[in-house]
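S.K.: This is the structure, below, for whatever I ask next.
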Amino acid sequence: FCALSPPPSCVTHGRAMDARLAALRALMVEHGIQAYLVPSEDAHGSEYVCLCDQRRGWLSGFTGSAGTAVVVAEGPALLWTDGRYFTQAEQQLDAAQWELMRMYEPGVPQVEQWLGKHCSGMVVGLDPALWSAHRIRQWEALLEPQGVSLRPIPGNLVDAIWQERPVVPRNPVKAHPLRFAGEGVSSKLERLRDGLVREGCGAIALEALDQVAWTLNLRGSDIACNPVFFGFLLVTTDSAHLFLGRGSAPDIPPDAQLSPEALQQLAEASVDVLPYGSWAVMLPTLLQDAAARARDHAARSCRIMLENGRCSLATRQAAESTPGWSVHEVDASPPENFKAIKNDCEIEGIRQAALRDSAALVDFICWLENAIRSGEHVDEVSAAATVRETREHYSKEYFVGESFETIAASGPNSAIIHYKAEESSKRDLKPNEMFLLDSGAQYIDGTTDVTRTFFFGSEPSSEQRRCYTRVLQGHIALAQAVVPEGIPGIMLDTFARSALWKDCLAYGHGTSHGIGAYLNVHEGPFGIGGGNHSGKTIKGNPRMLDVYMSPVMPGMFLSNEPGFYQVDAWGMRIESDMVASALPASADNKKWMRFETVTKVPMAKNLIDVSLLSENELTWINDYHQEVLSKIQPLLLNEAASVWLREACSPIEVA
């Protein structure tokens, strides 16, 4: 249902890459542009995209999930990406053809800043379906005074030269059962429409795939590891329209992907289904029809709500072309906010999925440690395959697939934050090396994302133990935090980083992201982070401000993942999943919350420097391990894993 996606079929060096850039530049000449922008995202702003939408990867050879390419008429093309991918990009880009722009590093301009400095008097082309209207309007205001013209070009130029482009997936779309969703489609649409009325709007256009899937209680598999499907959704105060069937032939009904249960679910909620390809054309017509039906013809009922970061320029242009309608921008749509706060059914599903997932990981870790100690051959690729098989074995009918491509990284590869093992470059797992496993799964009752770091063999070095303990202390500090409801994520980041800062250590990624309930493993609108960037960088980045200033509320499901990485040597990360839970109001009636760690997988005791721990931290570790033992041991399917778990969870004594 959720197969892993291989990297784009591209040769990262040599003639093939030269030919692709040359072909794109020839098209640029035909269109009268001197530069062309190629983002990572698809037409829905997705972080992870299907093979046919991996345009930037196909063109550049860089397969990381984040990055923007700028191809200019002469000279090297440029690739911007963040610190998670610096090492990977260095390895995959052809330095003769591409220049790596290390985002947020001192002296490195942002894309728009570089365009303003180097493209004065030029026309820069872009696909309006792939870029958010909000970003392009901001860039236009910045770049026009500098003599840079941004030109939307319908039809993607990379697609035009991609001769063997993979086909568009059109996989089955299924109903998500109410016992797991916890709320019916009609109820969600009613809440959404109430939100529209409060904002003085008559309609909303949803383009983010997880928002569409959540609102309609549907799940798909059009993007590997993400249980979503390609679709747009227009909701007015009295109608709802799902656009489905991307890439379908004209004679195939747009609802052909829908299971019988999904069809019935949509019919009961009065949601009609229209062809995916008619979205931009039908949007003005449907808005005009909605206005004609409205009893109240006041101006406020003819506003369409669009989400800043997710609404494409193409959709915004279609909405703005509708007579009598205006646009109302919001930072996060109502469904984005609704789905972030899980209901009781979703939270219970998350807890149960996390327990089964934790049991599978304990079984796998036991097997792996014994295999390495006995000299059995295990490499990064086979380790990733085994952990998937173990998860499926433990969850059977609940298991859907992985929630992202497993990071199984040994030795120096563990220092690559988003490492991916390949058959051509995999390492064997050996004793006396660090091994980092970052993996997760999609279950029909929840989603998981867990990282543990191990050192199998003799004593790790004192530096490794000190660094791991600092990471663990940060993990504990966030797990134990009691904070006001609605606190912005940037205020929580210091909990996870302060122990590392004591030793002048840092990590180059965020501390936490939201997690969907059998939805995308990375979910907005909030995040915990910012401590790895300067205040100047954050203030100048609207996306960071939106994410890190968004409130964290009870019911949110999120990760806790500090780390540390010694480049070319070893790396470590500890990641558990948590649910934010409300506490009783204080005497002054202020609302507070804490975090419940739902992941139950032991820490690596041989990597802990007990001398660095406070009494409170040592108590937390021992209490956590006892909870792991009591909840996971009954779920284990073999005695060897039970024996291993009892030892892994035995109390740490102070010498």
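Residue names in the structure tokens use chain letters A, B, ... in the order shown, residue numbers from 1 in each chain, and ligand numbers from 1 in the order shown.
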Determine which residues of region 299-345 of chain A DSSP labels as strand (DSSP E or B) from the backbone of this structure, then write them out as a PyMOL selection string.

M.R.: chain A and resi 303-307+312+326-330+341

S.K.: Convert the current residue selection to file output with N, CA and C atoms, as an mmCIF file, in the first residue's frame.

M.R.:
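Written file, selection_34.cif:
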data_model
loop_
_atom_site.group_PDB
_atom_site.id
_atom_site.type_symbol
_atom_site.label_atom_id
_atom_site.label_comp_id
_atom_site.auth_asym_id
_atom_site.auth_seq_id
_atom_site.Cartn_x
_atom_site.Cartn_y
_atom_site.Cartn_z
ATOM 1 N N ARG A 303 -15.957 36.105 -0.434
ATOM 2 C CA ARG A 303 -14.511 36.041 -0.213
ATOM 3 C C ARG A 303 -14.118 34.571 -0.145
ATOM 4 N N ILE A 304 -13.013 34.215 -0.798
ATOM 5 C CA ILE A 304 -12.511 32.848 -0.735
ATOM 6 C C ILE A 304 -11.273 32.809 0.136
ATOM 7 N N MET A 305 -11.252 31.883 1.070
ATOM 8 C CA MET A 305 -10.126 31.732 1.976
ATOM 9 C C MET A 305 -9.042 30.892 1.297
ATOM 10 N N LEU A 306 -7.820 31.395 1.299
ATOM 11 C CA LEU A 306 -6.664 30.695 0.734
ATOM 12 C C LEU A 306 -5.539 30.700 1.754
ATOM 13 N N GLU A 307 -4.836 29.600 1.842
ATOM 14 C CA GLU A 307 -3.748 29.459 2.805
ATOM 15 C C GLU A 307 -2.449 29.983 2.206
ATOM 16 N N SER A 312 -1.333 27.749 -4.485
ATOM 17 C CA SER A 312 -0.458 27.987 -5.630
ATOM 18 C C SER A 312 -0.834 29.281 -6.340
ATOM 19 N N SER A 326 -13.235 38.131 -3.846
ATOM 20 C CA SER A 326 -11.930 38.593 -3.389
ATOM 21 C C SER A 326 -11.271 37.494 -2.569
ATOM 22 N N VAL A 327 -9.998 37.660 -2.300
ATOM 23 C CA VAL A 327 -9.216 36.638 -1.605
ATOM 24 C C VAL A 327 -8.969 37.059 -0.162
ATOM 25 N N HIS A 328 -9.149 36.112 0.749
ATOM 26 C CA HIS A 328 -8.815 36.309 2.162
ATOM 27 C C HIS A 328 -7.712 35.319 2.523
ATOM 28 N N GLU A 329 -6.519 35.825 2.828
ATOM 29 C CA GLU A 329 -5.376 34.960 3.126
ATOM 30 C C GLU A 329 -5.314 34.635 4.614
ATOM 31 N N VAL A 330 -4.958 33.384 4.917
ATOM 32 C CA VAL A 330 -4.723 32.957 6.303
ATOM 33 C C VAL A 330 -3.408 32.201 6.352
ATOM 34 N N ILE A 341 -4.842 19.040 16.225
ATOM 35 C CA ILE A 341 -5.304 18.700 17.577
ATOM 36 C C ILE A 341 -6.132 17.421 17.484
#

S.K.: Among region 476-524 of chain A, which residues carry a DSSP assignment of alpha helix (DSSP H), reported as a PyMOL selection string?

M.R.: chain A and resi 476-480+489-502

S.K.: Please provide the set of residues having any atom within 8 Å of region 397-408 of chain A, restricted to only C-alpha atoms, with same-chain residues fewer than 6 positions apart removed, written as a VMD selection string.

M.R.: chain A and resid 1 to 4 224 to 226 380 to 381 383 to 384 388 391 414 418 to 421 435 to 445 447 to 449 520 to 521

S.K.: For Asp568 (chain A), list every protein, DNA or RNA residue within 10 Å, evaluated using only C-alpha atoms, and leave out those in the same chain fewer than 3 positions away; present the list as a list in words.

M.R.: Thr87, Gly411, Pro412, Asn413, Ser414, Ala415, Ile416, Tyr565 and Gly571 of chain A

S.K.: Kindly indicate which residue among A:Glu575, A:Glu320, A:Glu615, A:Asp623 lies nearest to Val654 (chain A), using only C-alpha atoms for the distances.

M.R.: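 Using only C-alpha atoms, the shortest distance to Val654 (chain A) belongs to A:Glu615.
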
S.K.: Which residue gives the smallest distance to Ile632 (chain A) among A:Arg427, A:Lys600, A:Arg646, A:Lys396, with only C-alpha atoms counted?

M.R.: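 Answer, going by the shortest atom-to-atom distance: A:Lys600.
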
S.K.: In terms of the shortest atom-to-atom distance over only C-alpha atoms, which of A:Thr390, A:Ser321, A:Pro172, A:Thr494 is closest to Ile365 (chain A)?

M.R.: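 Of A:Thr390, A:Ser321, A:Pro172, A:Thr494, the one nearest Ile365 (chain A) is A:Thr390, counting only C-alpha atoms.
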